[in-house]
>>> print(open('work_33.txt').read())   # compact mmCIF, C-alpha atoms
# COMPACT_ATOMS: atom_id res chain seq x y z
CA MET B 59 112.94 132.27 134.44
CA SER B 60 111.52 134.60 131.86
CA LEU B 61 114.21 136.86 130.49
CA ILE B 62 111.95 139.01 128.46
CA ARG B 63 108.75 139.89 130.22
CA GLY B 64 109.27 139.25 133.91
CA ILE B 65 106.57 136.62 134.35
CA SER B 66 107.29 133.52 136.37
CA GLU B 67 107.34 130.05 134.87
CA GLY B 68 105.58 129.70 131.55
CA ASP B 69 102.42 127.97 132.76
CA GLY B 70 100.22 131.01 132.32
CA LEU B 71 97.07 131.26 130.29
CA PRO B 72 96.78 131.92 126.58
CA MET B 73 95.29 135.16 125.35
CA ALA B 74 91.83 135.71 126.78
CA GLY B 75 89.20 133.94 124.69
CA TRP B 76 91.70 131.72 122.89
CA GLN B 77 91.23 127.95 122.96
CA GLU B 78 94.38 125.88 122.69
CA ALA B 79 94.36 122.46 121.05
CA GLU B 80 96.98 119.73 121.08
CA PRO B 81 100.61 120.63 120.39
CA VAL B 82 101.66 120.65 116.77
CA TYR B 83 105.30 121.07 117.72
CA SER B 84 107.37 120.72 120.82
CA ASP B 85 111.01 120.62 121.81
CA LYS B 86 112.84 121.09 125.10
CA GLN B 87 112.29 124.85 125.08
CA LEU B 88 109.13 125.46 123.09
CA VAL B 89 105.57 124.21 122.59
CA ILE B 90 103.42 125.35 119.67
CA ARG B 91 99.69 124.64 119.80
CA GLN B 92 96.95 125.17 117.29
CA THR B 93 94.26 127.60 118.47
CA ILE B 94 90.56 127.63 117.56
CA PRO B 95 89.34 130.29 117.78
CA PRO B 96 91.00 132.24 116.38
CA ASP B 97 92.61 130.40 113.49
CA GLY B 98 96.19 130.32 114.48
CA LEU B 99 98.92 129.10 116.78
CA SER B 100 100.16 129.83 120.26
CA CYS B 101 103.83 129.67 121.18
CA ARG B 102 105.07 128.99 124.70
CA GLY B 103 108.74 129.00 125.67
CA VAL B 104 111.88 130.08 123.86
CA ILE B 105 112.37 130.75 120.15
CA ASP B 106 115.98 131.18 119.14
CA VAL B 107 118.52 130.15 116.56
CA SER B 108 118.51 126.57 117.88
CA ASN B 109 114.87 125.87 116.97
CA VAL B 110 113.94 128.65 114.58
CA ASP B 111 114.05 126.45 111.47
CA SER B 112 111.53 124.05 113.05
CA VAL B 113 109.37 126.95 114.17
CA ALA B 114 109.39 128.40 110.67
CA ALA B 115 108.47 125.03 109.16
CA THR B 116 105.64 124.55 111.66
CA LEU B 117 104.23 128.01 111.00
CA ALA B 118 104.57 127.55 107.24
CA SER B 119 102.50 124.36 107.37
CA HIS B 120 99.63 126.14 109.13
CA LEU B 121 99.03 128.97 106.71
CA ASP B 122 96.15 127.37 104.81
CA GLY B 123 92.81 129.14 104.75
CA ASP B 124 91.50 132.41 103.53
CA SER B 125 91.66 134.63 106.59
CA ASP B 126 94.35 136.19 108.75
CA VAL B 127 96.67 133.91 110.72
CA HIS B 128 96.89 134.74 114.41
CA ILE B 129 99.92 133.97 116.57
CA ASP B 130 99.79 134.22 120.35
CA LEU B 131 103.25 135.14 121.64
CA SER B 132 102.10 136.15 125.11
CA GLN B 133 103.74 133.07 126.67
CA VAL B 134 107.05 133.44 124.85
CA GLU B 135 109.82 133.88 127.39
CA PHE B 136 112.47 134.79 124.86
CA CYS B 137 112.55 135.30 121.10
CA ASP B 138 115.69 136.39 119.31
CA VAL B 139 116.17 138.29 116.07
CA SER B 140 116.23 135.05 114.06
CA GLY B 141 112.79 134.26 115.51
CA ILE B 142 111.47 137.66 114.50
CA ARG B 143 113.04 137.15 111.09
CA ALA B 144 111.13 133.85 110.75
CA LEU B 145 107.83 135.55 111.56
CA VAL B 146 108.57 138.30 109.04
CA SER B 147 109.56 135.75 106.41
CA ILE B 148 106.43 133.66 106.99
CA SER B 149 104.22 136.72 106.71
CA GLY B 150 105.72 137.35 103.28
CA HIS B 151 104.13 134.12 102.04
CA LEU B 152 100.62 135.38 102.69
CA THR B 153 98.69 136.75 99.72
CA ASP B 154 95.25 138.12 98.86
CA GLY B 155 95.30 140.64 101.69
CA ARG B 156 95.82 137.99 104.38
CA ARG B 157 98.06 138.98 107.27
CA LEU B 158 100.03 137.41 110.07
CA VAL B 159 98.68 138.99 113.25
CA LEU B 160 100.95 138.88 116.30
CA HIS B 161 99.26 139.00 119.69
CA GLY B 162 100.90 139.56 123.06
CA LEU B 163 104.22 140.56 121.48
CA PRO B 164 106.66 141.41 124.28
CA PRO B 165 107.47 145.15 124.22
CA LEU B 166 111.17 144.52 123.58
CA LEU B 167 110.36 142.50 120.47
CA ALA B 168 108.07 145.21 119.16
CA LYS B 169 110.92 147.67 119.68
CA VAL B 170 113.44 145.39 117.97
CA MET B 171 111.17 144.86 114.97
CA THR B 172 111.22 148.60 114.41
CA LEU B 173 114.97 148.85 115.04
CA VAL B 174 115.80 146.25 112.41
CA GLY B 175 113.55 147.67 109.71
CA TRP B 176 110.53 145.39 110.07
CA GLY B 177 108.28 147.87 111.83
CA ASP B 178 105.93 148.53 108.96
CA LEU B 179 105.21 145.52 106.77
CA PRO B 180 101.92 145.11 104.88
CA THR B 181 101.43 141.44 105.74
CA LEU B 182 102.48 141.66 109.39
CA GLN B 183 100.19 143.20 111.95
CA ILE B 184 101.04 143.74 115.58
CA CYS B 185 97.84 143.62 117.63
CA ASP B 186 97.95 146.19 120.40
CA CYS B 187 96.08 143.88 122.74
CA ARG B 188 98.18 143.79 125.92
CA GLU B 189 98.83 140.77 128.02
CA ASP B 190 96.62 140.72 131.09
CA SER B 191 99.35 141.11 133.71
CA MET O 896 129.19 181.87 94.11
CA SER O 897 132.35 181.29 92.09
CA GLU O 898 132.87 178.23 89.92
CA PRO O 899 135.66 176.56 91.94
CA ALA O 900 133.68 176.87 95.17
CA LEU O 901 130.75 175.15 93.52
CA GLN O 902 132.97 172.30 92.46
CA MET O 903 134.45 171.93 95.90
CA ASP O 904 131.00 171.94 97.48
CA ALA O 905 129.95 169.06 95.27
CA ALA O 906 131.95 166.56 97.31
CA TYR O 907 132.17 165.17 100.79
CA ARG O 908 134.23 167.18 103.25
CA HIS O 909 135.12 165.90 106.69
CA ASP O 910 136.86 168.63 108.65
CA ALA O 911 138.12 169.00 112.18
CA LEU O 912 137.59 172.45 113.68
CA LEU O 913 139.96 173.28 116.52
CA TYR O 914 138.51 175.87 118.90
CA GLN O 915 139.11 177.18 122.42
CA GLY O 916 136.12 177.29 124.73
CA LEU O 917 132.45 178.17 124.31
CA GLN O 918 132.72 181.71 122.91
CA ASP O 919 135.20 180.60 120.28
CA PHE O 920 132.96 177.64 119.41
CA VAL O 921 130.03 179.94 118.73
CA HIS O 922 132.15 182.45 116.85
CA ARG O 923 133.67 179.76 114.61
CA THR O 924 130.52 177.77 113.85
CA VAL O 925 127.91 180.50 113.37
CA SER O 926 129.22 181.68 110.01
CA PHE O 927 129.43 178.08 108.79
CA ILE O 928 125.81 177.60 109.79
CA ARG O 929 124.64 180.91 108.32
CA ASN O 930 126.39 180.20 105.02
CA GLY O 931 124.52 176.91 104.86
CA ILE O 932 121.19 178.58 105.58
CA ASP O 933 121.89 181.27 102.96
CA ALA O 934 122.66 178.60 100.37
CA GLY O 935 119.41 176.80 101.15
CA GLU O 936 121.22 173.76 102.48
CA PRO O 937 119.72 171.59 105.21
CA VAL O 938 121.87 172.08 108.34
CA LEU O 939 122.07 169.61 111.20
CA VAL O 940 124.03 170.45 114.34
CA ALA O 941 124.69 167.56 116.74
CA THR O 942 126.60 168.77 119.76
CA THR O 943 126.32 169.22 123.52
CA ALA O 944 123.24 170.78 125.09
CA ALA O 945 125.31 173.78 126.25
CA HIS O 946 126.58 174.42 122.73
CA ILE O 947 123.07 174.11 121.30
CA ALA O 948 121.79 176.69 123.78
CA ALA O 949 124.59 179.10 122.92
CA LEU O 950 124.00 178.71 119.18
CA HIS O 951 120.28 179.27 119.66
CA SER O 952 120.81 182.63 121.32
CA GLU O 953 123.47 183.69 118.81
CA LEU O 954 121.42 182.70 115.76
CA GLY O 955 118.19 184.21 117.04
CA PRO O 956 115.28 183.59 114.65
CA ASP O 957 117.62 181.84 112.18
CA ALA O 958 117.92 178.98 114.66
CA GLY O 959 114.55 177.85 113.33
CA GLU O 960 116.24 177.00 110.03
CA VAL O 961 118.64 174.59 111.73
CA ARG O 962 118.03 171.10 113.03
CA PHE O 963 119.69 170.54 116.40
CA ALA O 964 120.38 167.24 118.12
CA ASP O 965 121.84 166.62 121.56
CA MET O 966 124.87 164.47 120.86
CA ALA O 967 124.62 163.01 124.37
CA GLU O 968 121.35 161.46 123.21
CA VAL O 969 121.77 160.58 119.54
CA GLY O 970 125.46 159.79 119.90
CA SER O 971 125.65 158.46 123.42
CA ASN O 972 126.75 155.25 121.75
CA PRO O 973 129.01 156.69 119.01
CA ALA O 974 128.14 153.80 116.67
CA ARG O 975 124.69 155.34 116.24
CA ILE O 976 126.05 158.59 114.77
CA ILE O 977 126.90 157.36 111.26
CA PRO O 978 123.37 156.00 110.67
CA TYR O 979 122.07 159.33 111.97
CA TRP O 980 124.08 161.24 109.37
CA MET O 981 123.08 158.76 106.68
CA ASP O 982 119.41 159.38 107.47
CA PHE O 983 120.00 163.14 107.28
CA ILE O 984 121.69 162.79 103.90
CA ALA O 985 118.87 160.58 102.61
CA GLN O 986 116.20 163.02 103.80
CA ALA O 987 117.92 165.84 101.88
CA GLY O 988 117.23 163.94 98.68
CA GLY O 989 120.50 164.81 96.94
CA ARG O 990 120.67 168.47 97.96
CA PRO O 991 123.99 169.61 99.44
CA VAL O 992 123.92 169.44 103.24
CA ARG O 993 125.96 170.80 106.13
CA GLY O 994 126.58 169.20 109.46
CA ILE O 995 128.34 169.98 112.68
CA GLY O 996 129.10 166.86 114.67
CA GLU O 997 130.84 167.05 118.02
CA PRO O 998 131.08 163.52 119.38
CA ILE O 999 134.01 164.15 121.71
CA TRP O 1000 133.84 166.26 124.84
CA ALA O 1001 135.81 166.21 128.07
CA GLY O 1002 133.28 164.07 129.95
CA ARG O 1003 133.53 161.01 127.71
CA SER O 1004 134.73 157.84 129.46
CA PRO O 1005 137.97 156.29 128.14
CA ALA O 1006 136.06 153.51 126.34
CA GLU O 1007 133.60 155.99 124.84
CA LEU O 1008 136.46 158.21 123.71
CA VAL O 1009 138.14 155.35 121.87
CA GLU O 1010 134.87 154.46 120.15
CA CYS O 1011 134.33 158.11 119.19
CA GLN O 1012 137.78 158.08 117.60
CA ARG O 1013 136.92 154.91 115.67
CA HIS O 1014 133.69 156.62 114.62
CA GLU O 1015 135.61 159.62 113.26
CA SER O 1016 137.88 157.35 111.21
CA LEU O 1017 134.95 155.28 109.94
CA LEU O 1018 133.21 158.46 108.78
CA ASN O 1019 135.82 158.73 106.02
CA ALA O 1020 134.67 155.43 104.56
CA ALA O 1021 130.99 155.46 105.53
CA ILE O 1022 130.02 158.41 103.36
CA GLU O 1023 130.62 158.37 99.61
CA MET O 1024 133.15 160.95 98.45
CA SER O 1025 130.59 162.12 95.88
CA THR O 1026 128.09 163.02 98.62
CA SER O 1027 127.57 166.77 98.84
CA MET O 1028 128.11 167.05 102.54
CA TRP O 1029 130.31 169.38 104.51
CA LEU O 1030 130.76 167.92 107.97
CA LEU O 1031 132.57 169.97 110.60
CA CYS O 1032 133.75 168.22 113.77
CA PRO O 1033 134.65 170.69 116.52
CA TYR O 1034 137.36 169.83 119.05
CA ASP O 1035 137.88 172.00 122.14
CA THR O 1036 141.63 172.40 122.49
CA SER O 1037 141.18 174.10 125.86
CA ALA O 1038 139.44 171.06 127.38
CA LEU O 1039 140.71 167.98 125.53
CA PRO O 1040 144.09 166.29 126.01
CA ARG O 1041 146.75 166.89 123.37
CA ASP O 1042 146.65 163.28 122.12
CA VAL O 1043 142.94 163.60 121.37
CA ILE O 1044 143.66 166.65 119.21
CA GLU O 1045 146.49 164.76 117.48
CA GLU O 1046 144.12 161.88 116.70
CA ALA O 1047 141.62 164.40 115.26
CA ARG O 1048 144.35 165.55 112.86
CA ARG O 1049 144.87 161.92 111.81
CA SER O 1050 141.17 161.12 111.29
CA HIS O 1051 140.18 164.28 109.38
CA PRO O 1052 141.40 165.06 105.84
CA PHE O 1053 141.10 168.80 106.57
CA VAL O 1054 141.66 170.84 109.70
CA THR O 1055 140.50 174.39 110.36
CA GLU O 1056 142.68 176.14 112.86
CA GLY O 1057 142.65 179.88 113.44
CA ALA O 1058 141.32 181.40 110.23
CA THR O 1059 142.77 178.74 107.95
CA ARG O 1060 141.30 175.59 106.48
CA ARG O 1061 144.03 173.33 105.18
CA GLU O 1062 144.74 169.71 104.44
CA SER O 1063 145.79 167.81 107.52
CA GLY O 1064 149.38 166.72 107.09
CA ALA O 1065 148.82 164.01 109.67
CA TYR O 1066 145.70 162.58 107.96
CA ARG O 1067 145.78 158.80 107.86
CA PRO O 1068 143.19 157.46 105.45
CA GLY O 1069 143.06 153.98 107.00
CA LEU O 1070 139.88 152.96 108.74
CA GLU O 1071 141.22 152.30 112.19
CA PRO O 1072 142.77 154.59 114.74
CA THR O 1073 146.19 153.48 115.84
CA ALA O 1074 146.42 150.00 117.37
CA ALA O 1075 142.81 148.88 117.07
CA GLY O 1076 143.42 145.13 117.17
CA VAL O 1077 141.89 142.79 119.73
CA ALA O 1078 144.83 143.43 122.05
CA SER O 1079 144.07 147.16 122.05
CA LEU O 1080 141.17 146.58 124.42
CA PRO O 1081 142.21 147.03 128.05
CA GLN O 1082 142.58 143.81 130.01
CA PRO O 1083 139.51 142.80 132.01
CA PRO O 1084 139.97 142.70 135.79
CA ALA O 1085 140.81 139.44 137.55
CA GLN O 1086 137.41 139.48 139.20
CA ARG O 1087 135.16 138.34 136.37
CA ARG O 1088 132.90 135.54 135.30
CA GLU O 1089 134.15 133.40 132.45
CA PHE O 1090 132.23 130.84 130.41
CA ALA O 1091 133.14 128.94 127.26
CA PHE O 1092 130.01 128.53 125.16
CA GLY O 1093 128.96 126.43 122.20
CA PRO O 1094 125.81 126.05 120.13
CA ALA O 1095 123.87 124.44 122.99
CA ASP O 1096 124.77 127.12 125.54
CA LEU O 1097 122.87 130.19 124.39
CA GLY O 1098 120.40 129.81 127.24
CA SER O 1099 123.31 129.81 129.68
CA VAL O 1100 124.76 132.90 128.03
CA ARG O 1101 121.42 134.65 128.53
CA GLY O 1102 121.29 133.48 132.13
CA ILE O 1103 124.82 134.74 132.89
CA ALA O 1104 124.07 138.12 131.33
CA ALA O 1105 120.82 138.35 133.30
CA ALA O 1106 122.58 137.38 136.54
CA GLY O 1107 125.22 140.04 135.98
CA ALA O 1108 122.50 142.61 135.36
CA ALA O 1109 120.65 141.54 138.51
CA GLU O 1110 123.81 141.83 140.64
CA ALA O 1111 124.39 145.29 139.20
CA GLY O 1112 120.84 146.35 140.05
CA MET O 1113 119.86 147.02 136.45
CA THR O 1114 116.20 147.73 135.67
CA ALA O 1115 114.09 145.03 134.03
CA ALA O 1116 113.89 146.87 130.71
CA ARG O 1117 117.65 147.40 130.49
CA THR O 1118 118.23 143.81 131.59
CA HIS O 1119 116.09 142.60 128.70
CA ASP O 1120 117.99 144.84 126.29
CA LEU O 1121 121.32 143.49 127.54
CA VAL O 1122 120.17 139.86 127.45
CA LEU O 1123 118.97 140.13 123.86
CA ALA O 1124 122.15 141.90 122.76
CA ALA O 1125 124.30 139.29 124.53
CA HIS O 1126 122.32 136.50 122.90
CA GLU O 1127 122.73 138.03 119.44
CA VAL O 1128 126.47 138.54 119.80
CA ALA O 1129 126.90 134.98 121.14
CA THR O 1130 124.79 133.71 118.23
CA ASN O 1131 127.23 135.41 115.86
CA SER O 1132 130.05 133.49 117.54
CA VAL O 1133 128.14 130.23 117.13
CA ARG O 1134 127.24 130.84 113.51
CA HIS O 1135 130.19 132.79 112.15
CA GLY O 1136 132.92 132.54 114.78
CA GLY O 1137 133.80 128.86 114.76
CA GLY O 1138 130.82 127.45 116.64
CA GLY O 1139 131.27 129.24 119.92
CA GLY O 1140 133.49 131.42 121.99
CA VAL O 1141 134.34 132.67 125.46
CA LEU O 1142 132.08 134.99 127.44
CA ARG O 1143 133.58 137.19 130.14
CA VAL O 1144 131.45 139.38 132.38
CA TRP O 1145 132.67 142.07 134.77
CA ARG O 1146 131.86 145.50 136.16
CA GLU O 1147 134.04 148.49 135.51
CA ASP O 1148 133.64 152.29 135.76
CA GLY O 1149 129.92 152.10 136.48
CA SER O 1150 129.16 149.69 133.64
CA LEU O 1151 128.47 146.01 133.27
CA ILE O 1152 130.57 144.62 130.43
CA CYS O 1153 130.02 141.35 128.55
CA GLU O 1154 132.86 140.35 126.26
CA PHE O 1155 132.59 137.69 123.56
CA ARG O 1156 135.73 136.32 121.95
CA ASP O 1157 135.69 133.86 119.09
CA GLY O 1158 137.82 132.63 116.20
CA GLY O 1159 135.89 134.39 113.47
CA ARG O 1160 136.79 137.44 111.50
CA LEU O 1161 134.61 140.42 110.77
CA ASP O 1162 135.78 141.94 107.51
CA ASP O 1163 133.42 144.90 107.26
CA PRO O 1164 134.26 147.59 109.83
CA LEU O 1165 130.92 149.27 109.15
CA ALA O 1166 128.90 146.07 109.64
CA ASP O 1167 127.44 147.25 112.93
CA ARG O 1168 126.29 150.65 111.68
CA ARG O 1169 124.51 149.98 108.40
CA ARG O 1170 120.79 150.41 108.96
CA PRO O 1171 119.11 147.11 108.03
CA GLU O 1172 116.65 147.20 105.19
CA ALA O 1173 113.30 145.50 105.25
CA SER O 1174 114.49 142.51 103.22
CA VAL O 1175 114.80 139.46 105.38
CA ALA O 1176 118.39 138.62 104.51
CA GLY O 1177 121.39 140.04 106.28
CA ARG O 1178 122.87 139.98 109.74
CA ARG O 1179 121.34 142.24 112.30
CA GLY O 1180 122.89 141.13 115.58
CA LEU O 1181 125.55 143.83 115.89
CA TRP O 1182 123.15 146.52 114.72
CA VAL O 1183 120.69 145.46 117.41
CA ALA O 1184 123.45 145.43 120.04
CA ASN O 1185 124.36 149.00 119.11
CA GLN O 1186 120.77 150.18 119.40
CA LEU O 1187 120.15 148.43 122.73
CA CYS O 1188 123.46 148.93 124.55
CA ASP O 1189 125.28 152.02 125.79
CA LEU O 1190 128.51 151.08 124.05
CA VAL O 1191 129.71 148.28 121.77
CA GLN O 1192 133.39 147.70 121.09
CA ILE O 1193 134.31 145.47 118.17
CA ARG O 1194 137.86 144.45 117.40
CA SER O 1195 138.63 141.95 114.68
CA GLU O 1196 141.85 140.60 113.27
CA PRO O 1197 142.80 137.46 111.32
CA THR O 1198 143.09 135.37 114.47
CA GLY O 1199 139.74 136.28 115.96
CA THR O 1200 137.16 138.80 117.03
CA ALA O 1201 136.27 140.39 120.36
CA VAL O 1202 132.98 142.18 120.99
CA ARG O 1203 132.33 144.03 124.26
CA ILE O 1204 128.86 145.29 125.10
CA HIS O 1205 128.59 147.87 127.89
CA MET O 1206 125.53 148.78 129.94
CA ARG O 1207 125.76 151.55 132.54
CA THR O 1208 124.49 150.36 135.89
>>> encode(input="work_33.txt", output="structure tokens")
Amino acid sequence: MSLIRGISEGDGLPMAGWQEAEPVYSDKQLVIRQTIPPDGLSCRGVIDVSNVDSVAATLASHLDGDSDVHIDLSQVEFCDVSGIRALVSISGHLTDGRRLVLHGLPPLLAKVMTLVGWGDLPTLQICDCREDS
Amino acid sequence: MSEPALQMDAAYRHDALLYQGLQDFVHRTVSFIRNGIDAGEPVLVATTAAHIAALHSELGPDAGEVRFADMAEVGSNPARIIPYWMDFIAQAGGRPVRGIGEPIWAGRSPAELVECQRHESLLNAAIEMSTSMWLLCPYDTSALPRDVIEEARRSHPFVTEGATRRESGAYRPGLEPTAAGVASLPQPPAQRREFAFGPADLGSVRGIAAAGAAEAGMTAARTHDLVLAAHEVATNSVRHGGGGGVLRVWREDGSLICEFRDGGRLDDPLADRRRPEASVAGRRGLWVANQLCDLVQIRSEPTGTAVRIHMRT
């Protein structure tokens, strides 16, 4: 059951136009896949304090390149504040005008990012593309 | 302005104003507001909608010089009021400011009332004594029970009564209103859900909170708010409260309540009402719970901590 966006089981599609490759990380509650295009990663499942360190390490190892890094969160059922913190922290590693671009961010998480003081960061961009449903 | 008055205005004042009914409220607050306007001080009035309307008509065009806020909105959860004042102080950029803050009115639920009283006590510690702020907290003696007025005398260093402003003889500078330990929370009813959780059970905690919200007929958006807040408070228990705790869920007085008890201790009574800064470090769980939930009750003592989050249903 999704506790954050009201979709049914997490077997939906990635963001329109995104191609998912093989998983680069998986545990019992989360799968992270590389996406081409765009250059980035898609997350499916639950990000919380129990796996956030692994998520952060996985994201950190996929920051190479010279363009923005795109993250598809449209299939994330739940992400807690530690998960948001990890995304914020990762974005702080980007330099030379590169940004972490979050796609399909659940509305609650967008609200929480503002509530906790991370609403306006130069290296973190929230794409206003909506999920299709 | 005379020299002593200037000196007195250079420091934080937290006063209770005892009044009787609407007309007296207007009569007693208008001169305070006008004096602030005349001195060029930013003035913020956070009170009930009825009081705002009455002040508007009494002040006439001068009302445009005053910022008004409906306390039922900005202070519905009283833990949001201190950050609200802190923002106001910061926006003034060091200029002296005046505020009227009326968090307590006759319609507050018992749990809200207790949290408003904690808020009033915490205000003495939350704002630096060197801050040039004069904050007036009106209490309606014709509508509020006597014990509420007595607590106002304990939580405010000064009380204005009749025409006189004087030090409150009953002022108690401690942070907590009387008997604020874990045991001060009323007992939950026998009909409740109870679940002991550990580090691997956060998903179950979310599921139990969601199930309680569903049974109570809560909307999806409020369910999501509750579930995230519950998860964050449970995460605090896992990380800082001895690895886990006990969750109890019940319905009471039109609210769904989730209580988390653990063996940890929260030393900072203002921890849940300091606005987080952009730096990544620092705990944000209790702050988030306060922004998402209708009421959050935190009680901590050496033997443990209890956190109750309330959502109206």
>>> atom_distance(input="work_33.txt", atom1="CA of Met981 in chain O", atom2="CA of Ser1016 in chain O")
15.5 Å
>>> closest_atom_pairs(input="work_33.txt", of="range 80-181 of chain B", to="range 1114-1129 of chain O", cutoff="12 Å", atoms="all atoms listed in the file", output="tab-separated table")
residue	atom	partner	partner_atom	distance
B:Ile105	CA	O:His1126	CA	11.8
B:Asp106	CA	O:His1126	CA	9.1
B:Val107	CA	O:Glu1127	CA	9.4
B:Ser108	CA	O:His1126	CA	11.8
B:Glu135	CA	O:His1119	CA	10.8
B:Phe136	CA	O:Leu1123	CA	8.5
B:Cys137	CA	O:Leu1123	CA	8.5
B:Asp138	CA	O:Leu1123	CA	6.7
B:Val139	CA	O:Glu1127	CA	7.4
B:Ser140	CA	O:Glu1127	CA	8.9
B:Gly141	CA	O:Glu1127	CA	11.3
B:Pro164	CA	O:His1119	CA	10.5
B:Pro165	CA	O:Ala1116	CA	9.3
B:Leu166	CA	O:Asp1120	CA	7.3
B:Leu167	CA	O:Leu1123	CA	9.6
B:Lys169	CA	O:Asp1120	CA	10.1
B:Val170	CA	O:Asp1120	CA	9.5
>>> interface_residues(input="work_33.txt", of="chain O", to="chain B", cutoff="7 Å", atoms="all atoms listed in the file", output="MDAnalysis selection string")
chainID O and resid 1119 1123 1171:1173 1175 1179
>>> closest_residue(input="work_33.txt", among="O:Thr1208, O:Thr942, O:Gln1192, O:Thr1059", to="Ala1109 in chain O", atoms="only C-alpha atoms")
O:Thr1208
>>> atom_distance(input="work_33.txt", atom1="CA of Ile90 in chain B", atom2="CA of Arg102 in chain B")
6.4 Å
>>> closest_residue(input="work_33.txt", among="B:Val159, B:Ala118, B:Ile129, B:Val113", to="Ile94 in chain B", atoms="all atoms listed in the file")
B:Ile129
>>> closest_residue(input="work_33.txt", among="O:Arg908, O:Val1202, O:Arg1143, O:Thr943", to="Glu1023 in chain O", atoms="all atoms listed in the file")
O:Arg908
>>> atom_distance(input="work_33.txt", atom1="CA of Asp933 in chain O", atom2="CA of Leu917 in chain O")
24.0 Å
>>> closest_residue(input="work_33.txt", among="B:His151, B:Thr116, B:Asp126, B:Leu160", to="Leu88 in chain B", atoms="all atoms listed in the file")
B:Thr116
>>> residues_near_point(input="work_33.txt", point="(119.0, 161.8, 106.1)", cutoff="12 Å", atoms="only C-alpha atoms", output="PyMOL selection string")
chain O and resi 937-939+962+976-994+1022+1026+1028+1170
>>> closest_residue(input="work_33.txt", among="O:Leu1142, O:Leu1039, O:Met1113, O:Val961", to="Val940 in chain O", atoms="only C-alpha atoms")
O:Val961
>>> closest_residue(input="work_33.txt", among="O:Gly970, O:Gly959, O:Gly931, O:Gly1136", to="Arg1003 in chain O", atoms="only C-alpha atoms")
O:Gly970
>>> residues_around(input="work_33.txt", residues="range 1144-1147 of chain O", least_positions_apart="6", cutoff="8 Å", atoms="only C-alpha atoms", output="JSON, numbers by chain")
{"O": [1083, 1084, 1086, 1087, 1088, 1089, 1104, 1107, 1153, 1154]}
>>> write_last_selection(input="work_33.txt", atoms="C-alpha atoms", output="PDB file, keeping the file's coordinate frame")
ATOM      1  CA  PRO O1083     139.510 142.800 132.010  1.00  0.00           C
ATOM      2  CA  PRO O1084     139.970 142.700 135.790  1.00  0.00           C
ATOM      3  CA  GLN O1086     137.410 139.480 139.200  1.00  0.00           C
ATOM      4  CA  ARG O1087     135.160 138.340 136.370  1.00  0.00           C
ATOM      5  CA  ARG O1088     132.900 135.540 135.300  1.00  0.00           C
ATOM      6  CA  GLU O1089     134.150 133.400 132.450  1.00  0.00           C
ATOM      7  CA  ALA O1104     124.070 138.120 131.330  1.00  0.00           C
ATOM      8  CA  GLY O1107     125.220 140.040 135.980  1.00  0.00           C
ATOM      9  CA  CYS O1153     130.020 141.350 128.550  1.00  0.00           C
ATOM     10  CA  GLU O1154     132.860 140.350 126.260  1.00  0.00           C
TER      11      GLU O1154
END
>>> residues_around(input="work_33.txt", residues="Arg1160 in chain O", least_positions_apart="4", cutoff="7 Å", atoms="only C-alpha atoms", output="JSON, numbers by chain")
{"O": [1195, 1196, 1197, 1199, 1200]}
>>> residues_around(input="work_33.txt", residues="Pro72 in chain B", least_positions_apart="5", cutoff="12 Å", atoms="all atoms listed in the file", output="short mmCIF file (atom, residue, chain, number, x, y, z; two decimals) with C-alpha atoms, keeping the file's coordinate frame")
data_model
loop_
_atom_site.label_atom_id
_atom_site.label_comp_id
_atom_site.auth_asym_id
_atom_site.auth_seq_id
_atom_site.Cartn_x
_atom_site.Cartn_y
_atom_site.Cartn_z
CA GLN B 77 91.23 127.95 122.96
CA GLU B 78 94.38 125.88 122.69
CA ALA B 79 94.36 122.46 121.05
CA ILE B 90 103.42 125.35 119.67
CA ARG B 91 99.69 124.64 119.80
CA GLN B 92 96.95 125.17 117.29
CA THR B 93 94.26 127.60 118.47
CA ILE B 94 90.56 127.63 117.56
CA PRO B 95 89.34 130.29 117.78
CA PRO B 96 91.00 132.24 116.38
CA LEU B 99 98.92 129.10 116.78
CA SER B 100 100.16 129.83 120.26
CA CYS B 101 103.83 129.67 121.18
CA ARG B 102 105.07 128.99 124.70
CA ILE B 129 99.92 133.97 116.57
CA ASP B 130 99.79 134.22 120.35
CA LEU B 131 103.25 135.14 121.64
CA SER B 132 102.10 136.15 125.11
CA GLN B 133 103.74 133.07 126.67
CA VAL B 134 107.05 133.44 124.85
CA HIS B 161 99.26 139.00 119.69
CA GLY B 162 100.90 139.56 123.06
CA ARG B 188 98.18 143.79 125.92
CA GLU B 189 98.83 140.77 128.02
CA ASP B 190 96.62 140.72 131.09
CA SER B 191 99.35 141.11 133.71
#
>>> residues_around(input="work_33.txt", residues="Val1054 in chain O", least_positions_apart="4", cutoff="6 Å", atoms="all atoms listed in the file", output="MDAnalysis selection string")
chainID O and resid 910:912 1060:1061 1063
>>> decode(input="work_33.txt", residues="range 1021-1032 of chain O", atoms="C-alpha atoms", output="compact mmCIF listing (two decimals), in the first residue's frame")
# COMPACT_ATOMS: atom_id res chain seq x y z
CA ALA O 1021 12.56 31.29 23.72
CA ILE O 1022 13.15 35.01 23.30
CA GLU O 1023 16.40 36.62 24.44
CA MET O 1024 15.95 39.08 27.29
CA SER O 1025 17.89 41.63 25.23
CA THR O 1026 15.30 41.49 22.42
CA SER O 1027 13.38 44.75 22.14
CA MET O 1028 9.95 43.22 22.15
CA TRP O 1029 6.91 44.06 24.20
CA LEU O 1030 4.54 41.13 24.03
CA LEU O 1031 1.09 41.47 25.58
CA CYS O 1032 -0.97 38.32 26.14
